[in-house]
>>> print(open('final-v9.txt').read())   # compact mmCIF, C-alpha atoms and all ligand atoms
# COMPACT_ATOMS: atom_id res chain seq x y z
CA MET A 289 2.30 -82.06 8.12
CA CYS A 290 4.31 -85.00 9.38
CA GLU A 291 2.49 -86.91 12.09
CA GLU A 292 3.31 -90.48 13.00
CA LEU A 293 1.61 -93.12 10.90
CA PRO A 294 -1.01 -95.23 12.69
CA THR A 295 -0.23 -98.88 13.32
CA ILE A 296 -2.19 -101.59 11.52
CA ALA A 297 -3.54 -102.59 14.95
CA GLU A 298 -4.98 -99.10 15.42
CA ILE A 299 -6.69 -99.19 12.02
CA ARG A 300 -7.99 -102.69 12.73
CA GLN A 301 -9.47 -101.58 16.04
CA ALA A 302 -11.40 -98.82 14.31
CA ILE A 303 -13.00 -101.11 11.72
CA ARG A 304 -16.47 -102.07 12.90
CA ASN A 305 -17.88 -105.49 12.16
CA ILE A 306 -21.61 -105.58 11.43
CA PRO A 307 -22.94 -109.15 11.40
CA ASP A 308 -25.65 -110.07 8.87
CA PHE A 309 -25.50 -106.79 6.92
CA PRO A 310 -26.75 -106.24 4.24
CA GLN A 311 -27.83 -109.88 4.33
CA GLN A 312 -27.70 -112.93 6.57
CA GLY A 313 -24.24 -114.46 6.86
CA VAL A 314 -22.23 -111.40 5.72
CA GLN A 315 -19.76 -109.88 8.18
CA PHE A 316 -19.83 -106.32 6.87
CA LYS A 317 -16.67 -104.32 7.54
CA ASP A 318 -17.74 -100.77 8.34
CA ILE A 319 -14.88 -98.37 7.61
CA THR A 320 -16.71 -95.16 8.56
CA PRO A 321 -14.95 -94.93 11.97
CA VAL A 322 -11.62 -94.97 10.11
CA LEU A 323 -12.79 -92.16 7.82
CA ALA A 324 -14.06 -90.09 10.74
CA ASN A 325 -10.68 -90.19 12.48
CA PRO A 326 -8.28 -87.71 10.80
CA ARG A 327 -5.14 -89.57 11.81
CA LEU A 328 -6.45 -92.98 10.76
CA PHE A 329 -7.94 -91.74 7.48
CA ASN A 330 -4.83 -89.84 6.47
CA GLY A 331 -2.54 -92.61 7.73
CA SER A 332 -4.35 -95.42 5.93
CA VAL A 333 -4.15 -93.51 2.63
CA GLU A 334 -0.48 -92.79 3.35
CA LEU A 335 0.14 -96.53 3.91
CA LEU A 336 -1.69 -97.48 0.71
CA VAL A 337 0.55 -95.23 -1.41
CA GLU A 338 3.79 -95.68 0.56
CA GLY A 339 6.76 -95.94 -1.77
CA PHE A 340 5.11 -93.98 -4.60
CA LYS A 341 6.29 -90.41 -5.02
CA PRO A 342 4.15 -87.62 -6.48
CA GLY A 343 4.55 -87.87 -10.24
CA ALA A 344 5.25 -91.63 -10.23
CA VAL A 345 1.61 -92.46 -10.95
CA ASP A 346 -0.61 -90.97 -13.65
CA ALA A 347 -3.99 -92.06 -12.30
CA VAL A 348 -5.57 -93.70 -9.30
CA VAL A 349 -8.52 -95.87 -10.28
CA GLY A 350 -11.13 -96.17 -7.53
CA ILE A 351 -13.88 -98.76 -7.35
CA ASP A 352 -17.52 -97.85 -6.71
CA ALA A 353 -18.35 -96.74 -4.05
CA ARG A 354 -16.17 -96.82 -0.91
CA GLY A 355 -13.07 -97.25 -3.05
CA PHE A 356 -13.66 -93.72 -4.36
CA ILE A 357 -12.95 -92.26 -0.94
CA PHE A 358 -9.49 -93.78 -0.56
CA ALA A 359 -8.60 -93.54 -4.25
CA ALA A 360 -9.46 -89.85 -4.51
CA ALA A 361 -7.44 -89.07 -1.38
CA ALA A 362 -4.52 -91.11 -2.75
CA ALA A 363 -4.74 -89.28 -6.09
CA VAL A 364 -4.47 -85.91 -4.35
CA LYS A 365 -1.45 -87.10 -2.34
CA LEU A 366 0.30 -88.37 -5.49
CA ARG A 367 -0.76 -85.45 -7.69
CA ALA A 368 -2.35 -88.03 -9.98
CA GLY A 369 -5.72 -88.05 -11.70
CA PHE A 370 -8.69 -89.92 -10.26
CA VAL A 371 -10.66 -92.35 -12.43
CA PRO A 372 -13.87 -94.06 -11.29
CA VAL A 373 -14.83 -97.64 -12.14
CA ARG A 374 -18.58 -97.76 -11.56
CA LYS A 375 -21.44 -100.18 -11.64
CA LYS A 376 -22.96 -100.46 -15.10
CA GLY A 377 -25.32 -97.66 -16.08
CA LYS A 378 -23.89 -94.97 -13.80
CA LEU A 379 -21.25 -93.33 -16.02
CA PRO A 380 -22.65 -90.70 -18.40
CA TYR A 381 -20.25 -90.93 -21.36
CA LYS A 382 -19.24 -93.88 -23.60
CA THR A 383 -17.99 -96.83 -21.59
CA ILE A 384 -16.46 -100.25 -21.86
CA GLU A 385 -17.84 -102.91 -19.55
CA GLN A 386 -16.68 -106.06 -17.82
CA THR A 387 -18.98 -108.70 -16.35
CA TYR A 388 -17.93 -111.10 -13.61
CA GLU A 389 -19.49 -113.95 -11.67
CA LEU A 390 -20.91 -113.57 -8.18
CA GLU A 391 -22.02 -116.35 -5.87
CA TYR A 392 -25.54 -115.78 -7.22
CA GLY A 393 -25.64 -114.15 -10.66
CA THR A 394 -23.29 -111.65 -12.24
CA ASN A 395 -22.17 -108.05 -11.86
CA THR A 396 -20.97 -105.56 -14.46
CA VAL A 397 -18.55 -102.67 -13.98
CA ALA A 398 -17.70 -99.91 -16.42
CA ILE A 399 -15.12 -97.24 -17.17
CA HIS A 400 -15.19 -94.29 -19.58
CA VAL A 401 -13.49 -95.15 -22.88
CA ASP A 402 -11.19 -92.13 -22.61
CA ALA A 403 -10.49 -92.31 -18.86
CA LEU A 404 -6.91 -93.62 -19.22
CA GLN A 405 -4.24 -93.13 -21.84
CA PRO A 406 -2.36 -96.14 -23.24
CA GLY A 407 0.79 -96.67 -21.21
CA SER A 408 -0.36 -94.63 -18.24
CA ARG A 409 0.75 -95.80 -14.80
CA VAL A 410 -2.14 -96.71 -12.53
CA LEU A 411 -2.83 -97.60 -8.91
CA LEU A 412 -6.10 -99.42 -8.34
CA ILE A 413 -7.72 -98.90 -4.94
CA ASP A 414 -10.78 -100.27 -3.17
CA ASP A 415 -11.78 -100.44 0.48
CA LEU A 416 -11.96 -104.22 0.70
CA LEU A 417 -10.70 -107.32 -1.11
CA ALA A 418 -13.13 -110.22 -0.73
CA THR A 419 -13.32 -112.77 -3.59
CA GLY A 420 -11.35 -110.45 -5.88
CA GLY A 421 -14.00 -110.53 -8.61
CA THR A 422 -14.59 -106.78 -8.60
CA ALA A 423 -10.89 -105.87 -8.61
CA ALA A 424 -10.11 -108.42 -11.34
CA ALA A 425 -12.88 -106.98 -13.52
CA ALA A 426 -11.66 -103.42 -12.88
CA ALA A 427 -8.11 -104.50 -13.76
CA GLU A 428 -9.41 -105.98 -17.01
CA LEU A 429 -10.94 -102.60 -17.91
CA VAL A 430 -7.66 -100.81 -17.15
CA LYS A 431 -5.83 -103.36 -19.31
CA LYS A 432 -8.30 -102.92 -22.18
CA LEU A 433 -7.52 -99.19 -22.21
CA GLY A 434 -3.82 -100.05 -22.50
CA ALA A 435 -2.81 -98.72 -19.10
CA GLN A 436 -0.50 -100.46 -16.67
CA ILE A 437 -1.33 -101.33 -13.05
CA LEU A 438 1.62 -100.68 -10.74
CA GLN A 439 -0.19 -101.84 -7.62
CA MET A 440 -3.59 -102.73 -6.21
CA GLY A 441 -4.30 -101.43 -2.72
CA PHE A 442 -7.04 -102.36 -0.25
CA LEU A 443 -7.61 -101.21 3.30
CA ILE A 444 -9.02 -104.64 4.20
CA GLU A 445 -8.42 -108.18 2.96
CA LEU A 446 -10.73 -111.09 3.81
CA SER A 447 -8.00 -113.65 3.20
CA TYR A 448 -10.30 -116.65 3.69
CA LEU A 449 -12.06 -115.69 0.44
CA LYS A 450 -8.75 -116.03 -1.43
CA GLY A 451 -9.14 -112.88 -3.53
CA ARG A 452 -5.39 -112.71 -4.09
CA GLN A 453 -5.54 -115.87 -6.18
CA ARG A 454 -7.82 -114.07 -8.61
CA LEU A 455 -5.37 -111.17 -8.83
CA GLU A 456 -2.32 -113.24 -9.62
CA GLY A 457 0.35 -111.31 -11.51
CA TYR A 458 -0.55 -107.98 -9.88
CA PRO A 459 1.27 -106.56 -6.87
CA VAL A 460 -1.35 -106.41 -4.11
CA ARG A 461 -1.03 -104.38 -0.90
CA THR A 462 -3.55 -104.79 1.89
CA LEU A 463 -3.41 -103.19 5.33
CA VAL A 464 -5.73 -105.09 7.68
CA VAL A 465 -6.08 -108.81 7.03
CA TYR A 466 -8.85 -110.99 8.47
P1 LIG A 501 -15.17 -108.99 -4.15
O1 LIG A 501 -15.46 -108.66 -5.59
O2 LIG A 501 -15.81 -110.25 -3.70
O3 LIG A 501 -13.70 -108.93 -3.84
O4 LIG A 501 -15.88 -107.87 -3.28
C1 LIG A 501 -15.29 -106.63 -3.08
C2 LIG A 501 -16.29 -105.51 -3.10
O5 LIG A 501 -17.45 -105.80 -2.32
C3 LIG A 501 -15.68 -104.26 -2.51
O6 LIG A 501 -16.02 -103.15 -3.33
C4 LIG A 501 -16.26 -104.14 -1.12
O7 LIG A 501 -16.59 -102.81 -0.81
C5 LIG A 501 -17.50 -105.04 -1.13
N1 LIG A 501 -17.51 -106.01 -0.01
C6 LIG A 501 -17.42 -107.36 -0.15
N2 LIG A 501 -17.49 -107.97 1.03
C7 LIG A 501 -17.60 -107.01 1.98
C8 LIG A 501 -17.68 -107.00 3.41
N3 LIG A 501 -17.67 -108.13 4.13
N4 LIG A 501 -17.75 -105.81 4.04
C9 LIG A 501 -17.77 -104.66 3.33
N5 LIG A 501 -17.70 -104.59 1.99
C10 LIG A 501 -17.62 -105.76 1.30
>>> encode(input="final-v9.txt", output="structure tokens")
Amino acid sequence: MCEELPTIAEIRQAIRNIPDFPQQGVQFKDITPVLANPRLFNGSVELLVEGFKPGAVDAVVGIDARGFIFAAAAAVKLRAGFVPVRKKGKLPYKTIEQTYELEYGTNTVAIHVDALQPGSRVLLIDDLLATGGTAAAAAELVKKLGAQILQMGFLIELSYLKGRQRLEGYPVRTLVVY
């Protein structure tokens, strides 16, 4: 199948802004209309992996929970494995964990100890880059397992939160920037 890729403007138009969800002051970016549209869903995954050929990546690491959707689709496109980074306490086998600071308190993410082989080539994908704390912690887990991040991809970047600064040294691709 070879349909035309959507424009960034088309993807942007489909992203729904929900003010004050899940709490006062947050502008929640609802990506479900993108997922529900076959051309936009397929096209946004296509744009996130553009330049990588099947076989060029060993694993796509997806971040809990909406990152799983894009990462799993990307993994299928690239014939790569899919590896979840989840919130602490959700993965059933032995894990390593990474804790990071939030505005109020901390958060901990985890990965299975055997999820990635040393030297394996990884794309890291999430739906949205905000402060970059989650992605930086996930990258730390990938690094601890000895794997190498070729690129981090996000459908959305909230550039005013300066997440890229926290991901310095990693190639970062984002599609729709606010
Ligand atoms: P951060 O660690 O600050 O970069 O936050 C990124 C994570 O939080 C991602 O997994 C997003 O799904 C989620 N997130 C943060 N801010 C928003 C937002 N405004 N709308 C939707 N999801 C968000």
>>> closest_residue(input="final-v9.txt", among="A:Phe442, A:Tyr381, A:Tyr388, A:Phe329", to="Ala403 (chain A)", atoms="all atoms listed in the file")
A:Tyr381
>>> residues_near_ligand(input="final-v9.txt", ligand="ligand LIG 501 (chain A)", cutoff="8 Å", atoms="only C-alpha atoms and all ligand atoms", output="VMD selection string")
chain A and resid 314 to 318 351 to 355 390 414 to 424 446 449 451
>>> residues_near_point(input="final-v9.txt", point="(-21.3, -106.6, -13.5)", cutoff="9 Å", atoms="all atoms listed in the file", output="VMD selection string")
chain A and resid 375 to 376 385 to 390 394 to 398 422 425
>>> closest_residue(input="final-v9.txt", among="A:Pro294, A:Gly377, A:Gly331, A:Pro406", to="Ala361 (chain A)", atoms="all atoms listed in the file")
A:Gly331
>>> closest_residue(input="final-v9.txt", among="A:Ile413, A:Ala427, A:Ile319, A:Ile437", to="Ala360 (chain A)", atoms="all atoms listed in the file")
A:Ile413
>>> residues_around(input="final-v9.txt", residues="Gln436 (chain A)", least_positions_apart="3", cutoff="9 Å", atoms="all atoms listed in the file", output="list of chain:residue names")
A:Pro406, A:Gly407, A:Ser408, A:Arg409, A:Val410, A:Leu411, A:Val430, A:Lys431
>>> closest_residue(input="final-v9.txt", among="A:Val349, A:Leu335, A:Ala344, A:Ile303", to="Arg367 (chain A)", atoms="all atoms listed in the file")
A:Ala344
>>> build_atoms(input="final-v9.txt", residues="region 454-466 of chain A", atoms="N, CA, C and O atoms", output="short mmCIF file (atom, residue, chain, number, x, y, z; two decimals), in the coordinates of the input")
data_model
loop_
_atom_site.label_atom_id
_atom_site.label_comp_id
_atom_site.auth_asym_id
_atom_site.auth_seq_id
_atom_site.Cartn_x
_atom_site.Cartn_y
_atom_site.Cartn_z
N ARG A 454 -7.19 -114.59 -7.40
CA ARG A 454 -7.82 -114.07 -8.61
C ARG A 454 -7.05 -112.88 -9.19
O ARG A 454 -7.31 -112.46 -10.31
N LEU A 455 -6.12 -112.36 -8.39
CA LEU A 455 -5.37 -111.17 -8.83
C LEU A 455 -3.92 -111.50 -9.12
O LEU A 455 -3.06 -110.62 -9.10
N GLU A 456 -3.68 -112.78 -9.37
CA GLU A 456 -2.32 -113.24 -9.62
C GLU A 456 -1.65 -112.43 -10.72
O GLU A 456 -2.29 -112.10 -11.71
N GLY A 457 -0.38 -112.09 -10.50
CA GLY A 457 0.35 -111.31 -11.51
C GLY A 457 0.35 -109.83 -11.19
O GLY A 457 1.14 -109.07 -11.75
N TYR A 458 -0.54 -109.39 -10.29
CA TYR A 458 -0.55 -107.98 -9.88
C TYR A 458 0.03 -107.84 -8.47
O TYR A 458 -0.29 -108.65 -7.60
N PRO A 459 0.85 -106.82 -8.25
CA PRO A 459 1.27 -106.56 -6.87
C PRO A 459 0.06 -106.09 -6.06
O PRO A 459 -0.64 -105.17 -6.48
N VAL A 460 -0.19 -106.75 -4.94
CA VAL A 460 -1.35 -106.41 -4.11
C VAL A 460 -0.87 -105.98 -2.72
O VAL A 460 -0.10 -106.69 -2.09
N ARG A 461 -1.33 -104.82 -2.27
CA ARG A 461 -1.03 -104.38 -0.90
C ARG A 461 -2.32 -104.27 -0.12
O ARG A 461 -3.27 -103.60 -0.55
N THR A 462 -2.39 -104.94 1.03
CA THR A 462 -3.55 -104.79 1.89
C THR A 462 -3.06 -104.43 3.29
O THR A 462 -1.96 -104.81 3.68
N LEU A 463 -3.87 -103.67 4.03
CA LEU A 463 -3.41 -103.19 5.33
C LEU A 463 -3.89 -104.11 6.47
O LEU A 463 -3.09 -104.64 7.20
N VAL A 464 -5.18 -104.29 6.57
CA VAL A 464 -5.73 -105.09 7.68
C VAL A 464 -6.27 -106.39 7.11
O VAL A 464 -7.15 -106.38 6.27
N VAL A 465 -5.71 -107.50 7.58
CA VAL A 465 -6.08 -108.81 7.03
C VAL A 465 -6.88 -109.61 8.05
O VAL A 465 -6.48 -109.72 9.21
N TYR A 466 -8.01 -110.12 7.61
CA TYR A 466 -8.85 -110.99 8.47
C TYR A 466 -8.76 -112.42 7.96
O TYR A 466 -8.60 -112.63 6.77
#
